[in-house]
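Source file: data_9.pdb (PDB, C-alpha atoms)
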```
ATOM      1  CA  MET B   1       0.000   0.000   0.000
ATOM      2  CA  TRP B   2       1.188   3.511  -0.770
ATOM      3  CA  SER B   3       2.722   4.911   2.403
ATOM      4  CA  GLY B   4       1.245   8.355   1.750
ATOM      5  CA  ALA B   5      -2.269   6.918   1.984
ATOM      6  CA  THR B   6      -1.402   5.160   5.231
ATOM      7  CA  ASP B   7       0.058   8.379   6.627
ATOM      8  CA  ALA B   8      -3.035  10.323   5.564
ATOM      9  CA  MET B   9      -5.370   7.784   7.189
ATOM     10  CA  ALA B  10      -3.280   7.812  10.380
ATOM     11  CA  ALA B  11      -3.471  11.618  10.467
ATOM     12  CA  LEU B  12      -7.232  11.488   9.872
ATOM     13  CA  ALA B  13      -7.668   8.898  12.630
ATOM     14  CA  GLN B  14      -5.683  11.072  15.045
ATOM     15  CA  GLN B  15      -7.826  14.124  14.151
ATOM     16  CA  VAL B  16     -11.057  12.151  14.516
ATOM     17  CA  ALA B  17      -9.860  10.767  17.849
ATOM     18  CA  THR B  18      -9.660  14.297  19.258
ATOM     19  CA  LEU B  19     -13.268  15.113  18.350
ATOM     20  CA  THR B  20     -16.231  14.503  20.634
ATOM     21  CA  LEU B  21     -18.348  12.904  17.877
ATOM     22  CA  PHE B  22     -17.709   9.271  18.792
ATOM     23  CA  PRO B  23     -21.354   8.235  19.207
ATOM     24  CA  GLU B  24     -22.237   9.825  15.847
ATOM     25  CA  LEU B  25     -19.404   8.116  13.976
ATOM     26  CA  GLY B  26     -20.649   4.629  14.624
ATOM     27  CA  PHE B  27     -18.913   1.303  14.738
ATOM     28  CA  ASP B  28     -18.793   0.782  10.947
ATOM     29  CA  CYS B  29     -17.103   4.135  10.293
ATOM     30  CA  VAL B  30     -14.483   3.583  12.974
ATOM     31  CA  LEU B  31     -13.803   0.042  11.734
ATOM     32  CA  HIS B  32     -13.431   1.372   8.184
ATOM     33  CA  VAL B  33     -10.843   3.921   9.327
ATOM     34  CA  LEU B  34      -8.924   1.310  11.341
ATOM     35  CA  ARG B  35      -8.733  -1.031   8.324
ATOM     36  CA  PHE B  36      -6.418   1.466   6.618
ATOM     37  CA  LEU B  37      -3.912   1.425   9.463
ATOM     38  CA  PRO B  38      -1.297  -1.158  10.352
ATOM     39  CA  ILE B  39      -2.425  -3.413  13.218
ATOM     40  CA  TYR B  40       0.004  -1.878  15.709
ATOM     41  CA  GLU B  41      -1.338   1.651  15.077
ATOM     42  CA  ALA B  42      -4.965   0.489  15.129
ATOM     43  CA  LEU B  43      -4.335  -1.047  18.547
ATOM     44  CA  GLN B  44      -2.933   2.228  19.844
ATOM     45  CA  LEU B  45      -6.141   4.009  18.774
ATOM     46  CA  ALA B  46      -8.224   1.416  20.646
ATOM     47  CA  THR B  47      -7.587   3.429  23.809
ATOM     48  CA  VAL B  48      -9.630   6.401  22.533
ATOM     49  CA  CYS B  49     -12.994   5.092  23.766
ATOM     50  CA  ALA B  50     -15.119   1.959  24.048
ATOM     51  CA  ASP B  51     -16.376   2.210  20.430
ATOM     52  CA  TRP B  52     -12.842   2.393  19.086
ATOM     53  CA  LYS B  53     -11.820  -0.537  21.278
ATOM     54  CA  LEU B  54     -14.675  -2.647  19.885
ATOM     55  CA  ALA B  55     -13.712  -1.674  16.341
ATOM     56  CA  ALA B  56     -10.044  -2.507  16.967
ATOM     57  CA  ASN B  57     -11.010  -5.935  18.336
ATOM     58  CA  ALA B  58     -13.207  -6.513  15.262
ATOM     59  CA  ARG B  59     -10.275  -5.532  13.049
ATOM     60  CA  LEU B  60      -8.088  -8.082  14.835
ATOM     61  CA  ALA B  61     -10.700 -10.803  14.443
ATOM     62  CA  GLU B  62     -10.863 -10.356  10.667
ATOM     63  CA  GLU B  63      -7.090 -10.282  10.044
ATOM     64  CA  GLU B  64      -5.259 -13.330   8.700
ATOM     65  CA  SER B  65      -1.768 -11.892   9.067
ATOM     66  CA  LEU B  66       0.061 -10.387  12.028
ATOM     67  CA  ASP B  67       3.239  -8.460  11.337
ATOM     68  CA  LEU B  68       4.896  -7.014  14.421
ATOM     69  CA  SER B  69       8.405  -7.232  12.964
ATOM     70  CA  SER B  70      10.900  -4.708  14.265
ATOM     71  CA  THR B  71       8.394  -3.234  16.744
ATOM     72  CA  SER B  72       8.737  -2.829  20.466
ATOM     73  CA  ALA B  73       6.248  -5.653  21.018
ATOM     74  CA  ASP B  74       6.797  -7.907  23.987
ATOM     75  CA  SER B  75       5.565 -11.434  24.743
ATOM     76  CA  SER B  76       2.467 -10.300  26.621
ATOM     77  CA  LEU B  77       1.348  -8.022  23.752
ATOM     78  CA  VAL B  78       1.876 -10.804  21.192
ATOM     79  CA  SER B  79      -0.102 -13.237  23.366
ATOM     80  CA  TRP B  80      -2.902 -10.709  23.823
ATOM     81  CA  VAL B  81      -3.123  -9.873  20.115
ATOM     82  CA  LEU B  82      -2.965 -13.493  18.937
ATOM     83  CA  GLY B  83      -5.672 -14.383  21.430
ATOM     84  CA  ARG B  84      -8.017 -12.053  19.527
ATOM     85  CA  MET B  85      -6.987 -13.093  16.019
ATOM     86  CA  THR B  86      -9.065 -16.184  15.382
ATOM     87  CA  ARG B  87      -8.280 -16.273  11.643
ATOM     88  CA  VAL B  88      -4.502 -15.657  11.715
ATOM     89  CA  ARG B  89      -2.495 -17.756   9.227
ATOM     90  CA  LYS B  90       0.744 -15.760   8.980
ATOM     91  CA  LEU B  91       2.877 -14.497  11.867
ATOM     92  CA  ASP B  92       5.898 -12.236  11.398
ATOM     93  CA  LEU B  93       7.902 -11.412  14.526
ATOM     94  CA  HIS B  94      11.233 -10.791  12.777
ATOM     95  CA  ASP B  95      13.615  -8.896  15.038
ATOM     96  CA  CYS B  96      11.229  -8.562  17.994
ATOM     97  CA  VAL B  97      13.855  -8.647  20.704
ATOM     98  CA  GLY B  98      11.268  -8.354  23.487
ATOM     99  CA  VAL B  99       9.457 -11.529  22.435
ATOM    100  CA  THR B 100      10.366 -14.978  23.645
ATOM    101  CA  LEU B 101       8.426 -17.763  21.986
ATOM    102  CA  SER B 102       8.602 -19.792  25.180
ATOM    103  CA  ALA B 103       6.529 -17.129  26.936
ATOM    104  CA  VAL B 104       4.076 -16.810  24.045
ATOM    105  CA  SER B 105       3.711 -20.543  23.488
ATOM    106  CA  GLY B 106       2.214 -21.269  26.873
ATOM    107  CA  THR B 107      -0.830 -19.110  26.252
ATOM    108  CA  VAL B 108      -1.503 -19.196  22.534
ATOM    109  CA  PHE B 109      -0.173 -22.314  20.832
ATOM    110  CA  SER B 110      -3.668 -23.791  20.723
ATOM    111  CA  LEU B 111      -4.792 -20.629  18.918
ATOM    112  CA  MET B 112      -1.753 -20.775  16.625
ATOM    113  CA  ALA B 113      -2.768 -24.177  15.244
ATOM    114  CA  ARG B 114      -3.924 -22.487  12.024
ATOM    115  CA  LEU B 115      -0.589 -20.807  11.333
ATOM    116  CA  GLU B 116       0.913 -21.697   7.967
ATOM    117  CA  THR B 117       3.780 -19.193   7.788
ATOM    118  CA  ILE B 118       5.942 -18.073  10.711
ATOM    119  CA  ASP B 119       8.950 -15.755  10.644
ATOM    120  CA  VAL B 120      10.586 -15.489  14.051
ATOM    121  CA  SER B 121      14.061 -14.779  12.722
ATOM    122  CA  CYS B 122      16.346 -12.852  15.068
ATOM    123  CA  THR B 123      14.067 -13.421  18.080
ATOM    124  CA  ALA B 124      14.783 -15.180  21.353
ATOM    125  CA  ILE B 125      13.542 -18.608  20.304
ATOM    126  CA  ASP B 126      15.013 -21.698  21.940
ATOM    127  CA  ALA B 127      15.005 -25.358  20.854
ATOM    128  CA  GLN B 128      11.859 -26.253  22.776
ATOM    129  CA  ALA B 129       9.873 -23.366  21.245
ATOM    130  CA  PHE B 130      11.287 -24.233  17.799
ATOM    131  CA  PHE B 131       9.887 -27.737  18.025
ATOM    132  CA  GLU B 132       6.551 -26.382  19.263
ATOM    133  CA  LEU B 133       6.363 -24.274  16.083
ATOM    134  CA  TRP B 134       7.664 -27.151  13.988
ATOM    135  CA  SER B 135       4.828 -29.313  15.349
ATOM    136  CA  LEU B 136       1.950 -26.991  14.475
ATOM    137  CA  PRO B 137      -0.469 -28.961  12.289
ATOM    138  CA  GLU B 138      -0.745 -26.436   9.416
ATOM    139  CA  ILE B 139       2.819 -25.034   9.307
ATOM    140  CA  ARG B 140       4.306 -24.857   5.798
ATOM    141  CA  ASP B 141       6.985 -22.153   6.050
ATOM    142  CA  LEU B 142       9.173 -21.595   9.121
ATOM    143  CA  ASN B 143      11.992 -19.057   9.354
ATOM    144  CA  VAL B 144      14.181 -19.101  12.470
ATOM    145  CA  SER B 145      17.290 -17.584  10.890
ATOM    146  CA  GLY B 146      19.557 -15.594  13.159
ATOM    147  CA  CYS B 147      18.177 -17.081  16.366
ATOM    148  CA  GLU B 148      21.186 -17.149  18.643
ATOM    149  CA  ARG B 149      19.483 -19.203  21.378
ATOM    150  CA  LEU B 150      19.151 -22.288  19.163
ATOM    151  CA  VAL B 151      21.776 -24.709  20.466
ATOM    152  CA  GLU B 152      22.599 -27.909  18.632
ATOM    153  CA  MET B 153      22.608 -30.146  21.714
ATOM    154  CA  GLU B 154      19.206 -28.840  22.791
ATOM    155  CA  MET B 155      17.890 -29.328  19.258
ATOM    156  CA  CYS B 156      18.769 -33.003  19.601
ATOM    157  CA  GLN B 157      17.202 -33.173  23.054
ATOM    158  CA  TYR B 158      13.796 -31.763  22.002
ATOM    159  CA  ALA B 159      13.715 -33.216  18.472
ATOM    160  CA  ARG B 160      10.476 -34.713  17.228
ATOM    161  CA  PRO B 161       8.963 -35.201  13.783
ATOM    162  CA  PRO B 162       6.779 -32.431  12.354
ATOM    163  CA  LEU B 163       3.035 -32.984  12.104
ATOM    164  CA  THR B 164       2.989 -31.793   8.508
ATOM    165  CA  THR B 165       5.333 -31.507   5.544
ATOM    166  CA  LEU B 166       7.197 -28.220   5.615
ATOM    167  CA  GLY B 167       7.590 -26.415   2.311
ATOM    168  CA  ARG B 168      10.468 -24.262   3.586
ATOM    169  CA  LEU B 169      12.594 -24.207   6.709
ATOM    170  CA  SER B 170      15.272 -21.555   7.154
ATOM    171  CA  LEU B 171      17.985 -21.951   9.810
ATOM    172  CA  THR B 172      20.635 -19.605   8.402
ATOM    173  CA  ARG B 173      22.873 -17.456  10.617
ATOM    174  CA  CYS B 174      22.299 -19.547  13.762
ATOM    175  CA  PRO B 175      25.834 -19.417  15.202
ATOM    176  CA  ARG B 176      25.361 -22.276  17.666
ATOM    177  CA  LEU B 177      24.219 -24.755  14.994
ATOM    178  CA  THR B 178      26.536 -26.505  12.577
ATOM    179  CA  GLY B 179      25.448 -26.901   8.989
ATOM    180  CA  HIS B 180      22.923 -24.055   9.201
ATOM    181  CA  ALA B 181      21.140 -23.573   5.909
ATOM    182  CA  SER B 182      17.914 -22.767   4.203
ATOM    183  CA  VAL B 183      16.065 -25.929   3.315
ATOM    184  CA  SER B 184      13.225 -26.464   0.871
ATOM    185  CA  CYS B 185      11.191 -29.548   1.646
ATOM    186  CA  LEU B 186       8.920 -29.898  -1.360
TER     187      LEU B 186
END
```

As a first step, turn the structure in this file into structure tokens.
Amino acid sequence: MWSGATDAMAALAQQVATLTLFPELGFDCVLHVLRFLPIYEALQLATVCADWKLAANARLAEEESLDLSSTSADSSLVSWVLGRMTRVRKLDLHDCVGVTLSAVSGTVFSLMARLETIDVSCTAIDAQAFFELWSLPEIRDLNVSGCERLVEMEMCQYARPPLTTLGRLSLTRCPRLTGHASVSCL
């Protein structure tokens, strides 16, 4: 999407948020405005009032993709957001240094069963969390490149077969693994 349009919609949303016309705007109007914003920004506007919060939750429920890459998201935010995204199929947490998949997995792995594509490269994922992701029933594409907490001995300790056939697995730039590579499993 053209970034100018996103910037314009964000500016409009900020202006609307300062008005006292919330009851007159209505749920559908607010939801329409929030659809033009990235998820992270729409969530920030959910604090305006109860109507905006309802619209933000509706926006989350209709989304199939969550991209919090390179944001200041932490594990509790990711768990909270995923808990409201019943249709999510793609998760991108690339370079989210405040997220540990071990913390997220305890609360949302049952909700993540629909995930097909996961990018957790450069996050604090360990071997146990890797094999939790690896074992999701719908997973087709998994990127854990640059995850410094993946240790070869622990990978052997937690190893188990995947529940599905992966189309792509990327383990590049994992310094504590030997033979790290990107693998296509077609």

Chain and number of each residue from the PyMOL selection byres ((chain B and resi 40) around 12), as a ChimeraX atom specification | /B:10,34-39,41-46,56,59-60,66-73,77-78,81

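You will find atom CA of B:Val88 at 17.0 Å from atom CA of B:Asn143.
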
Please, what distance in Å, to one decimal, runs between atom CA of B:Trp134 and atom CA of B:Pro162?
->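 Going from atom CA of B:Trp134 over to atom CA of B:Pro162, I get 5.6 Å.
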
Exercise: B:Asp28 partners within 12 Å, only C-alpha atoms, chain neighbours under 3 positions left out, as a PyMOL selection string | chain B and resi 22-25+31-35+51-52+54-56+58-59

Output of the above residues as a JSON list (two decimals), in the coordinates of the input, restricted to C-alpha atoms:
```
[["chain", "number", "residue", "atom", "x", "y", "z"],
["B", 22, "PHE", "CA", -17.71, 9.27, 18.79],
["B", 23, "PRO", "CA", -21.35, 8.24, 19.21],
["B", 24, "GLU", "CA", -22.24, 9.82, 15.85],
["B", 25, "LEU", "CA", -19.40, 8.12, 13.98],
["B", 31, "LEU", "CA", -13.80, 0.04, 11.73],
["B", 32, "HIS", "CA", -13.43, 1.37, 8.18],
["B", 33, "VAL", "CA", -10.84, 3.92, 9.33],
["B", 34, "LEU", "CA", -8.92, 1.31, 11.34],
["B", 35, "ARG", "CA", -8.73, -1.03, 8.32],
["B", 51, "ASP", "CA", -16.38, 2.21, 20.43],
["B", 52, "TRP", "CA", -12.84, 2.39, 19.09],
["B", 54, "LEU", "CA", -14.68, -2.65, 19.89],
["B", 55, "ALA", "CA", -13.71, -1.67, 16.34],
["B", 56, "ALA", "CA", -10.04, -2.51, 16.97],
["B", 58, "ALA", "CA", -13.21, -6.51, 15.26],
["B", 59, "ARG", "CA", -10.28, -5.53, 13.05]]
```

Separation of atom CA of B:Thr164 from atom CA of B:Trp80 in Å |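 Distance between the two atoms: 26.7 Å.
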
Check which residues satisfy the PyMOL selection byres ((chain B and resi 157) around 12) in the file shown, then give them as a PyMOL selection string.
-> chain B and resi 126-128+130-131+150-156+158-160

May I have the protein, DNA and RNA residues with any atom at most 7 Å from the point (0.3, -20.7, 13.1), counting only C-alpha atoms, written as a PyMOL selection string?
-> chain B and resi 89-91+112-118+136+138-139

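The smallest atom-to-atom distance between B:Arg149 and any of B:Leu93, B:Leu163, B:Cys122, B:Ala61, using all atoms listed in the file, is found for B:Cys122.
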
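For the set B:Ser121, B:Asn57, B:Thr47, B:Ser135, the residue with the smallest atom-to-atom gap to B:Glu148 is B:Ser121, counting all atoms listed in the file.
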
Hey, which of B:Ser145, B:Ser65, B:Thr100, B:Ser75 ends up closest to B:Arg176? Count all atoms listed in the file.
->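 Ranking B:Ser145, B:Ser65, B:Thr100, B:Ser75 by distance to B:Arg176, first place goes to B:Ser145.
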
Spatial sel., origin (24.5, -14.4, 15.5), limit 7 Å, only C-alpha atoms, listed as a PyMOL selection string = chain B and resi 146-148+173-175

Starting from the sparse input, extend stretch 135-148 of chain B to N, CA, C and O atoms and give the output as a compact mmCIF listing (two decimals), in the coordinates of the input.
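Heads up, here's the output in selection-v4.txt:
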```txt
# COMPACT_ATOMS: atom_id res chain seq x y z
N SER B 135 5.89 -28.32 15.17
CA SER B 135 4.83 -29.31 15.35
C SER B 135 3.42 -28.77 15.13
O SER B 135 2.45 -29.51 15.33
N LEU B 136 3.29 -27.52 14.76
CA LEU B 136 1.95 -26.99 14.48
C LEU B 136 1.37 -27.74 13.27
O LEU B 136 2.07 -27.98 12.29
N PRO B 137 0.10 -28.08 13.31
CA PRO B 137 -0.47 -28.96 12.29
C PRO B 137 -0.56 -28.38 10.88
O PRO B 137 -0.57 -29.12 9.91
N GLU B 138 -0.59 -27.05 10.74
CA GLU B 138 -0.74 -26.44 9.42
C GLU B 138 0.53 -25.76 8.90
O GLU B 138 0.52 -25.20 7.81
N ILE B 139 1.61 -25.78 9.66
CA ILE B 139 2.82 -25.03 9.31
C ILE B 139 3.41 -25.51 7.98
O ILE B 139 3.54 -26.70 7.75
N ARG B 140 3.72 -24.55 7.10
CA ARG B 140 4.31 -24.86 5.80
C ARG B 140 5.65 -24.14 5.59
O ARG B 140 6.48 -24.59 4.86
N ASP B 141 5.81 -22.99 6.25
CA ASP B 141 6.98 -22.15 6.05
C ASP B 141 7.43 -21.63 7.41
O ASP B 141 6.67 -20.94 8.09
N LEU B 142 8.65 -21.98 7.81
CA LEU B 142 9.17 -21.60 9.12
C LEU B 142 10.56 -20.99 8.96
O LEU B 142 11.46 -21.62 8.42
N ASN B 143 10.71 -19.75 9.44
CA ASN B 143 11.99 -19.06 9.35
C ASN B 143 12.47 -18.73 10.77
O ASN B 143 11.85 -17.95 11.47
N VAL B 144 13.56 -19.36 11.17
CA VAL B 144 14.18 -19.10 12.47
C VAL B 144 15.63 -18.65 12.30
O VAL B 144 16.45 -18.81 13.19
N SER B 145 15.93 -18.06 11.16
CA SER B 145 17.29 -17.58 10.89
C SER B 145 17.73 -16.55 11.91
O SER B 145 16.93 -15.73 12.37
N GLY B 146 18.99 -16.59 12.26
CA GLY B 146 19.56 -15.59 13.16
C GLY B 146 19.15 -15.74 14.62
O GLY B 146 19.34 -14.81 15.40
N CYS B 147 18.59 -16.86 14.97
CA CYS B 147 18.18 -17.08 16.37
C CYS B 147 19.36 -17.64 17.14
O CYS B 147 19.72 -18.81 17.01
N GLU B 148 19.95 -16.79 17.95
CA GLU B 148 21.19 -17.15 18.64
C GLU B 148 20.97 -18.11 19.80
O GLU B 148 21.92 -18.71 20.29
```
